[in-house]
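Visitor: What follows is a single structure, and I will ask about it in a moment.
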Amino acid sequence: MKKAWLATLLMATSSIALAAGNHDHHHMEGHGEMASAVGMPAPAAQANKTYQVTLNDKMQMNFKPALDIKQSDVVAFVVTNEGKIPHEFSIGSVDEQVKHREMMRAMPDMEHHDGTTLTLQPGQTAKMAWHFMGSQFVEFSCNIPGHFEAGMKRNTLLN
């Protein structure tokens with residue numbers, strides 16, 4: 001009887017432990033974790049610089065004023081799709097952008113608004129604020145299939 005009771009108790013505690021799982025890596029989720037090797041989203045009110053970004057069907061990504069971003073800058077981007085087809089504005093490292101393009105090839109109709117990427121329909125304007133830290137080499141790109149390959153990207157080295 002003792003063995004049966006002990007076995008039942010052991011199974012019950014194991015089930016509870018498995019159901020609880022490991023939560024230690026979630027406690028800080030959304031609280032200062034970097035979304036990318038080049039930084040993370042930030043509140044627009046913290047921005048110390050603002051750039052107007054235009055996307056167009058000539059597969060161009062234009063920044064005004066000219067890019068001059070430093071480590072620790074918090075930048076607000078006001079992004080407008082001046083084209084007649086959808087475009088993306090994505091911030092990340094080269095490796096992250098390569099992975100994003102692979103995902104977009106697998107799911108071309110996917111739309112993003114996740115803090116690192118904006119998907120803009122024709123005529124749409126959207127805003128994103130970004131805190132630059134980490135890797136100094138940053139790639140801005142449109143990862144809709146064919147757009148990056150046609151030249152819709154901009155690389156910059158943080159000062």
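Following the order of the structure tokens, first chain is A, next is B, and so on, with residues numbered from 1 inside each chain and ligands from 1 in the order they appear.
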Near stretch 119-135 of chain A, counting only C-alpha atoms, which residues have an atom at most 6 Å away, once you skip same-chain residues fewer than 4 positions from it, shown as a CSV table (one decimal) with N, CA and C atoms, in the first residue's frame?
Guide:
```
chain,number,residue,atom,x,y,z
A,37,ALA,N,19.7,42.4,-33.1
A,37,ALA,CA,21.1,42.6,-32.7
A,37,ALA,C,21.5,44.1,-32.8
A,38,VAL,N,20.6,44.9,-33.4
A,38,VAL,CA,20.9,46.4,-33.6
A,38,VAL,C,20.1,47.3,-32.7
A,39,GLY,N,19.3,46.7,-31.8
A,39,GLY,CA,18.6,47.5,-30.9
A,39,GLY,C,17.2,47.0,-30.6
A,40,MET,N,16.3,47.9,-30.3
A,40,MET,CA,14.9,47.5,-30.0
A,40,MET,C,14.0,48.7,-30.2
A,41,PRO,N,12.6,48.4,-30.3
A,41,PRO,CA,11.7,49.5,-30.4
A,41,PRO,C,11.7,50.4,-29.1
A,42,ALA,N,11.3,51.6,-29.3
A,42,ALA,CA,11.4,52.6,-28.2
A,42,ALA,C,10.1,53.5,-28.3
A,44,ALA,N,8.1,56.7,-28.9
A,44,ALA,CA,8.4,57.8,-29.8
A,44,ALA,C,8.8,59.1,-29.0
A,71,GLN,N,25.4,55.3,-31.9
A,71,GLN,CA,25.0,54.3,-30.8
A,71,GLN,C,24.2,55.0,-29.7
A,72,SER,N,23.2,54.4,-29.2
A,72,SER,CA,22.3,54.9,-28.2
A,72,SER,C,21.3,55.9,-28.7
A,73,ASP,N,21.3,56.4,-29.9
A,73,ASP,CA,20.3,57.3,-30.4
A,73,ASP,C,18.9,56.6,-30.4
A,74,VAL,N,17.9,57.3,-30.1
A,74,VAL,CA,16.5,56.9,-30.2
A,74,VAL,C,16.0,57.7,-31.4
A,75,VAL,N,15.6,57.0,-32.4
A,75,VAL,CA,15.2,57.6,-33.7
A,75,VAL,C,13.7,57.3,-34.0
A,76,ALA,N,13.0,58.4,-34.4
A,76,ALA,CA,11.6,58.2,-34.9
A,76,ALA,C,11.7,58.2,-36.4
A,77,PHE,N,11.1,57.2,-37.0
A,77,PHE,CA,11.0,57.1,-38.4
A,77,PHE,C,9.5,57.3,-38.8
A,78,VAL,N,9.3,58.3,-39.7
A,78,VAL,CA,8.0,58.5,-40.3
A,78,VAL,C,8.1,58.0,-41.7
A,79,VAL,N,7.4,56.8,-42.0
A,79,VAL,CA,7.6,56.1,-43.2
A,79,VAL,C,6.4,56.2,-44.1
A,80,THR,N,6.5,56.6,-45.3
A,80,THR,CA,5.4,56.8,-46.3
A,80,THR,C,5.7,55.9,-47.5
A,81,ASN,N,4.7,55.1,-47.9
A,81,ASN,CA,4.7,54.4,-49.1
A,81,ASN,C,4.1,55.2,-50.2
A,82,GLU,N,5.0,55.8,-51.1
A,82,GLU,CA,4.5,56.6,-52.2
A,82,GLU,C,4.1,55.8,-53.4
A,83,GLY,N,4.3,54.5,-53.3
A,83,GLY,CA,4.1,53.7,-54.5
A,83,GLY,C,2.6,53.2,-54.6
A,84,LYS,N,2.4,52.3,-55.6
A,84,LYS,CA,1.1,51.7,-55.9
A,84,LYS,C,1.0,50.3,-55.5
A,85,ILE,N,2.1,49.8,-54.9
A,85,ILE,CA,2.2,48.4,-54.4
A,85,ILE,C,2.7,48.4,-52.9
A,86,PRO,N,2.4,47.4,-52.2
A,86,PRO,CA,2.9,47.3,-50.8
A,86,PRO,C,4.4,47.3,-50.7
A,87,HIS,N,4.9,47.9,-49.6
A,87,HIS,CA,6.3,47.9,-49.3
A,87,HIS,C,6.5,47.7,-47.8
A,88,GLU,N,7.7,47.3,-47.4
A,88,GLU,CA,8.1,47.1,-46.0
A,88,GLU,C,9.2,48.1,-45.7
A,111,GLU,N,2.0,40.3,-43.3
A,111,GLU,CA,2.1,41.7,-43.0
A,111,GLU,C,2.7,41.8,-41.6
A,112,HIS,N,3.6,42.8,-41.4
A,112,HIS,CA,4.3,42.9,-40.1
A,112,HIS,C,4.0,44.3,-39.5
```
Visitor: Please, which residues of stretch 91-134 of chain A, numbered as in this document, come out strand (DSSP E) from DSSP, as a list in words?
Guide: Ile91, Gly92, Thr117, Leu118, Thr119, Leu120, Thr125, Ala126, Lys127, Met128, Ala129, Trp130, His131 and Phe132 of chain A
Visitor: Mind writing the picked residues with C-alpha atoms as a PDB file, in the first residue's frame?
Guide:
```pdb
ATOM      1  CA  ILE A  91      15.367  47.375 -39.290  1.00  0.00           C
ATOM      2  CA  GLY A  92      17.888  44.673 -38.416  1.00  0.00           C
ATOM      3  CA  THR A 117       9.122  45.926 -39.364  1.00  0.00           C
ATOM      4  CA  LEU A 118       6.272  47.929 -40.849  1.00  0.00           C
ATOM      5  CA  THR A 119       4.220  46.763 -43.832  1.00  0.00           C
ATOM      6  CA  LEU A 120       2.732  49.734 -45.665  1.00  0.00           C
ATOM      7  CA  THR A 125       2.187  56.414 -43.567  1.00  0.00           C
ATOM      8  CA  ALA A 126       3.280  54.707 -40.346  1.00  0.00           C
ATOM      9  CA  LYS A 127       5.659  55.547 -37.516  1.00  0.00           C
ATOM     10  CA  MET A 128       8.298  53.534 -35.716  1.00  0.00           C
ATOM     11  CA  ALA A 129      10.756  54.564 -33.019  1.00  0.00           C
ATOM     12  CA  TRP A 130      13.971  52.623 -32.540  1.00  0.00           C
ATOM     13  CA  HIS A 131      16.721  52.636 -29.893  1.00  0.00           C
ATOM     14  CA  PHE A 132      19.997  51.815 -31.648  1.00  0.00           C
TER      15      PHE A 132
END
```
Visitor: Identify, on the basis of only C-alpha atoms, every residue whose closest approach to stretch 152-158 of chain A does not exceed 12 Å; exclude the query and any residue fewer than 3 positions from it along the same chain; express the result as a PyMOL selection string.
Guide: chain A and resi 38-39+53-63+66-73+87-94+97+131-149
Visitor: Only N, CA and C atoms, please: the residues just picked out, written as a short mmCIF file (atom, residue, chain, number, x, y, z; two decimals), in the first residue's frame.
Guide:
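Resulting contents of result_38.cif:
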```
data_model
loop_
_atom_site.label_atom_id
_atom_site.label_comp_id
_atom_site.auth_asym_id
_atom_site.auth_seq_id
_atom_site.Cartn_x
_atom_site.Cartn_y
_atom_site.Cartn_z
N VAL A 38 20.64 44.93 -33.44
CA VAL A 38 20.95 46.36 -33.62
C VAL A 38 20.12 47.26 -32.70
N GLY A 39 19.32 46.69 -31.82
CA GLY A 39 18.55 47.51 -30.89
C GLY A 39 17.16 46.99 -30.63
N VAL A 53 11.02 58.88 -44.14
CA VAL A 53 11.46 57.83 -45.05
C VAL A 53 10.37 57.64 -46.10
N THR A 54 10.76 57.67 -47.38
CA THR A 54 9.79 57.40 -48.44
C THR A 54 10.20 56.12 -49.16
N LEU A 55 9.20 55.31 -49.45
CA LEU A 55 9.36 54.07 -50.20
C LEU A 55 8.62 54.26 -51.51
N ASN A 56 9.20 53.80 -52.62
CA ASN A 56 8.51 53.97 -53.90
C ASN A 56 8.66 52.75 -54.79
N ASP A 57 7.93 52.75 -55.89
CA ASP A 57 7.91 51.60 -56.79
C ASP A 57 9.14 51.52 -57.69
N LYS A 58 10.05 52.49 -57.59
CA LYS A 58 11.34 52.39 -58.28
C LYS A 58 12.31 51.59 -57.40
N MET A 59 11.75 51.01 -56.31
CA MET A 59 12.49 50.21 -55.33
C MET A 59 13.56 51.05 -54.64
N GLN A 60 13.15 52.27 -54.28
CA GLN A 60 14.03 53.18 -53.56
C GLN A 60 13.52 53.39 -52.14
N MET A 61 14.45 53.59 -51.25
CA MET A 61 14.18 53.90 -49.85
C MET A 61 14.98 55.18 -49.57
N ASN A 62 14.28 56.29 -49.44
CA ASN A 62 14.94 57.59 -49.28
C ASN A 62 14.75 58.12 -47.86
N PHE A 63 15.83 58.64 -47.29
CA PHE A 63 15.83 59.17 -45.93
C PHE A 63 16.11 60.67 -45.96
N ALA A 66 19.78 63.18 -44.37
CA ALA A 66 20.70 62.06 -44.61
C ALA A 66 20.98 61.35 -43.29
N LEU A 67 21.13 60.03 -43.37
CA LEU A 67 21.35 59.23 -42.16
C LEU A 67 22.63 59.62 -41.43
N ASP A 68 22.50 59.86 -40.14
CA ASP A 68 23.63 60.12 -39.25
C ASP A 68 23.18 59.65 -37.87
N ILE A 69 23.32 58.36 -37.63
CA ILE A 69 22.83 57.75 -36.40
C ILE A 69 24.02 57.28 -35.56
N LYS A 70 23.91 57.51 -34.28
CA LYS A 70 24.96 57.11 -33.34
C LYS A 70 24.44 56.02 -32.42
N GLN A 71 25.38 55.25 -31.85
CA GLN A 71 25.01 54.28 -30.82
C GLN A 71 24.23 55.01 -29.74
N SER A 72 23.19 54.40 -29.24
CA SER A 72 22.32 54.92 -28.18
C SER A 72 21.29 55.94 -28.65
N ASP A 73 21.33 56.37 -29.93
CA ASP A 73 20.29 57.28 -30.42
C ASP A 73 18.94 56.57 -30.39
N HIS A 87 4.89 47.91 -49.61
CA HIS A 87 6.32 47.90 -49.31
C HIS A 87 6.50 47.69 -47.82
N GLU A 88 7.73 47.34 -47.45
CA GLU A 88 8.09 47.12 -46.05
C GLU A 88 9.22 48.06 -45.66
N PHE A 89 9.25 48.39 -44.38
CA PHE A 89 10.39 49.09 -43.79
C PHE A 89 10.82 48.25 -42.60
N SER A 90 12.00 47.65 -42.71
CA SER A 90 12.47 46.72 -41.68
C SER A 90 13.86 47.13 -41.21
N ILE A 91 14.08 47.05 -39.90
CA ILE A 91 15.37 47.38 -39.29
C ILE A 91 15.96 46.10 -38.71
N GLY A 92 17.25 45.85 -38.99
CA GLY A 92 17.89 44.67 -38.42
C GLY A 92 19.33 44.54 -38.86
N SER A 93 19.94 43.47 -38.40
CA SER A 93 21.29 43.14 -38.85
C SER A 93 21.17 42.47 -40.22
N VAL A 94 22.28 42.32 -40.90
CA VAL A 94 22.26 41.64 -42.20
C VAL A 94 21.70 40.23 -42.05
N GLN A 97 17.96 40.23 -41.54
CA GLN A 97 17.23 40.57 -42.77
C GLN A 97 17.22 39.39 -43.74
N HIS A 131 15.55 52.33 -30.72
CA HIS A 131 16.72 52.64 -29.89
C HIS A 131 17.89 51.82 -30.44
N PHE A 132 18.86 52.49 -31.04
CA PHE A 132 20.00 51.82 -31.65
C PHE A 132 21.04 51.48 -30.60
N MET A 133 21.41 50.20 -30.53
CA MET A 133 22.46 49.71 -29.63
C MET A 133 22.88 48.34 -30.15
N GLY A 134 23.99 47.86 -29.71
CA GLY A 134 24.46 46.55 -30.17
C GLY A 134 25.33 46.70 -31.40
N SER A 135 25.06 45.89 -32.40
CA SER A 135 25.85 45.89 -33.63
C SER A 135 25.84 47.28 -34.27
N GLN A 136 26.98 47.69 -34.80
CA GLN A 136 27.08 49.01 -35.42
C GLN A 136 26.65 49.02 -36.88
N PHE A 137 26.54 47.86 -37.52
CA PHE A 137 26.16 47.80 -38.93
C PHE A 137 24.67 47.49 -39.00
N VAL A 138 23.90 48.43 -39.53
CA VAL A 138 22.44 48.32 -39.57
C VAL A 138 21.97 48.25 -41.02
N GLU A 139 21.01 47.36 -41.26
CA GLU A 139 20.41 47.28 -42.58
C GLU A 139 18.93 47.63 -42.49
N PHE A 140 18.51 48.59 -43.32
CA PHE A 140 17.10 48.92 -43.50
C PHE A 140 16.72 48.27 -44.83
N SER A 141 15.60 47.56 -44.87
CA SER A 141 15.26 46.92 -46.14
C SER A 141 13.77 46.69 -46.27
N CYS A 142 13.37 46.47 -47.52
CA CYS A 142 12.04 46.00 -47.85
C CYS A 142 12.23 44.54 -48.23
N ASN A 143 11.62 43.65 -47.46
CA ASN A 143 11.83 42.21 -47.67
C ASN A 143 10.70 41.52 -48.41
N ILE A 144 9.81 42.29 -49.01
CA ILE A 144 8.79 41.70 -49.88
C ILE A 144 9.55 41.06 -51.04
N PRO A 145 9.21 39.82 -51.42
CA PRO A 145 9.98 39.12 -52.45
C PRO A 145 10.26 39.98 -53.69
N GLY A 146 11.55 40.06 -54.03
CA GLY A 146 12.00 40.79 -55.20
C GLY A 146 12.39 42.24 -54.93
N HIS A 147 11.88 42.85 -53.87
CA HIS A 147 12.13 44.26 -53.62
C HIS A 147 13.58 44.51 -53.17
N PHE A 148 14.06 43.74 -52.21
CA PHE A 148 15.44 43.90 -51.74
C PHE A 148 16.40 43.66 -52.91
N GLU A 149 16.13 42.60 -53.67
CA GLU A 149 16.99 42.22 -54.79
C GLU A 149 17.03 43.33 -55.85
#
```
Visitor: By how many Å are atom CA of A:Gly151 and atom CA of A:Glu96 apart?
Guide: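 Separation between atom CA of A:Gly151 and atom CA of A:Glu96: 17.4 Å.
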